[in-house]
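Report on one structure; see the data block that follows.
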Amino acid sequence: MLDSTKEMTYEQQHELHNQQIVDNKQMSSAMAYLLMDLCDEGDNDANNIQELEPFNSPKIPSISIYDYICRILKQAQCSQECLIMGLIFMDKLSQKWGRIIVKSINVHRLYVVAVMISAKFYDDRFFQNSYYAKVAGISHEEFNHLERILVFLLDFKLIIDPSLFFTYRQRIISNYFDNPE
């Protein structure tokens with residue numbers, strides 16, 4: 001996904017932390033472009049491996065990933081940081097289990113569960129799974145099942161090093177935000 005091999009200095013992290021992201025729309029757009037890039041790669045994969053079958057929808061959702069991310073931010077009231085941490089959790093899956101293929105058929109469910117786990121783990125305020133399931137557009141039982149699968153796949157290792165977070169955030173800003181220059 002994003003190359004996180006380059007460490008940032010403390011000064012770079014501090015500067016990045018103090019940068020204000022303009023609004024939720026800009027962050028939603030950046031994350032949507034990033035996830036669409038991943039889906040394009042996964043959808044066109046000739047091997048067509050179905051490693052994330054539990055997250056597959058019966059059909060590709062009609063809601064765009066951008067609109068879905070906007071819905072998550074608005075309805076679940078999670079922080080923008082949770083959007084980035086959701087991506088980091090997806091990358092952790094790839095690091096632990098090998099190449100994880102994100103496709104149009106699984107990206108919505110995989111991402112919303114990853115974001116909701118990050119909201120429950122990192123945000124001061126979060127909702128019950130029944131509410132998150134409504135936001136996600138899936139049943140409460142299915143949401144619980146997908147959450148269990150994801151935390152087990154991650155070996156319950158949900159702590160994200162701040163320098164890793166800031167590295168991801170910087171790469172997202174650099175690669176997916178509209179730069180005026």
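Residue numbering restarts at 1 in every chain; chains get A, B, ... in the order shown in the structure tokens, and ligands count up from 1 in that same order.
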If you run DSSP on this backbone, which residues of stretch 5-142 of chain A come out as helix (DSSP H, G or I), and could you give them as a ChimeraX atom specification?
/A:10-18,24-43,53-55,65-76,80-97,107-122,129-136,140-142
Proximity of stretch 52-87 of chain A to stretch 20-40 of chain A: per-residue shortest pair, 8 Å limit, only C-alpha atoms, as a Markdown table:
| residue | atom | partner | partner_atom | distance |
| --- | --- | --- | --- | --- |
| A:Ile65 | CA | A:Ala32 | CA | 5.7 |
| A:Tyr66 | CA | A:Ala32 | CA | 4.9 |
| A:Ile69 | CA | A:Ser28 | CA | 5.8 |
| A:Cys70 | CA | A:Ser28 | CA | 6.0 |
| A:Leu73 | CA | A:Asn24 | CA | 7.5 |
| A:Gln80 | CA | A:Asn24 | CA | 7.0 |
| A:Leu83 | CA | A:Met31 | CA | 7.5 |
| A:Ile84 | CA | A:Met31 | CA | 7.9 |
Please dump the current selection as a short mmCIF file (atom, residue, chain, number, x, y, z; two decimals), in the first residue's frame; keep N, CA, C and O atoms.
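Written output follows (selection_3.cif):
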data_model
loop_
_atom_site.label_atom_id
_atom_site.label_comp_id
_atom_site.auth_asym_id
_atom_site.auth_seq_id
_atom_site.Cartn_x
_atom_site.Cartn_y
_atom_site.Cartn_z
N ILE A 65 -16.97 4.55 -2.88
CA ILE A 65 -16.13 4.49 -1.69
C ILE A 65 -16.02 5.90 -1.08
O ILE A 65 -16.00 6.05 0.15
N TYR A 66 -16.00 6.94 -1.90
CA TYR A 66 -15.98 8.31 -1.39
C TYR A 66 -17.22 8.59 -0.54
O TYR A 66 -17.12 9.09 0.59
N ILE A 69 -17.09 6.71 2.74
CA ILE A 69 -16.19 7.32 3.72
C ILE A 69 -16.83 8.56 4.33
O ILE A 69 -16.77 8.77 5.55
N CYS A 70 -17.49 9.38 3.50
CA CYS A 70 -18.20 10.56 4.02
C CYS A 70 -19.28 10.13 5.01
O CYS A 70 -19.47 10.76 6.06
N LEU A 73 -17.62 9.14 8.34
CA LEU A 73 -17.21 10.32 9.13
C LEU A 73 -18.40 11.05 9.73
O LEU A 73 -18.36 11.48 10.89
N GLN A 80 -10.70 11.93 11.83
CA GLN A 80 -10.00 11.70 10.57
C GLN A 80 -8.84 10.73 10.77
O GLN A 80 -8.51 9.96 9.88
N LEU A 83 -9.49 7.17 9.93
CA LEU A 83 -9.44 6.79 8.51
C LEU A 83 -8.05 6.30 8.15
O LEU A 83 -7.89 5.31 7.43
N ILE A 84 -7.04 7.00 8.65
CA ILE A 84 -5.66 6.60 8.37
C ILE A 84 -5.32 5.31 9.10
O ILE A 84 -4.70 4.40 8.53
#
Under the rule of at most 8 Å, produce a per-residue listing of stretch 111-149 of chain A near stretch 153-159 of chain A: chain, number, name, the closest pair of atoms, and the distance in Å, as a tab-separated table, using only C-alpha atoms.
residue	atom	partner	partner_atom	distance
A:Ser118	CA	A:Leu158	CA	7.8
A:Phe121	CA	A:Leu158	CA	7.6
A:Ile149	CA	A:Leu153	CA	6.0
Output the selection as a PDB file, in the first residue's frame - C-alpha atoms for each residue.
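out-v6.pdb was written with the following content:
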ATOM      1  CA  SER A 118      -9.628   2.176  15.278  1.00  0.00           C
ATOM      2  CA  PHE A 121      -9.538   1.721  20.251  1.00  0.00           C
ATOM      3  CA  ILE A 149     -12.197 -11.922  12.101  1.00  0.00           C
TER       4      ILE A 149
END
Residues at most 10 Å from A:Phe127, counting only C-alpha atoms, excluding those fewer than 6 positions away in the same chain, as a PyMOL selection string?
chain A and resi 76-78+116+119-120
Using the selection just defined, write its residues with C-alpha atoms as a compact mmCIF listing (two decimals), in the first residue's frame.
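selection-v7.txt, freshly written:
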# COMPACT_ATOMS: atom_id res chain seq x y z
CA ALA A 76 -20.02 7.46 13.16
CA GLN A 77 -18.45 10.78 14.12
CA CYS A 78 -15.01 9.20 14.18
CA MET A 116 -14.54 1.28 13.45
CA ALA A 119 -12.43 4.46 16.54
CA LYS A 120 -13.21 2.07 19.38
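Atom CA of A:Asp67 to atom CA of A:Ala136 spans 11.6 Å [interatomic distance, one decimal].
Minimum atom-to-atom distances from A:Arg71, A:Phe126, A:Asp91, A:Phe55 to A:His108 were compared using only C-alpha atoms, and the lowest value belongs to A:Phe55.
Here atom CA of A:Lys59 is placed at a distance of 9.3 Å from atom CA of A:Asn106.
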Among the residues A:Gly137, A:Pro58, A:Pro162, A:Gly42, the one that comes closest to A:Tyr122 [using only C-alpha atoms]
A:Pro162
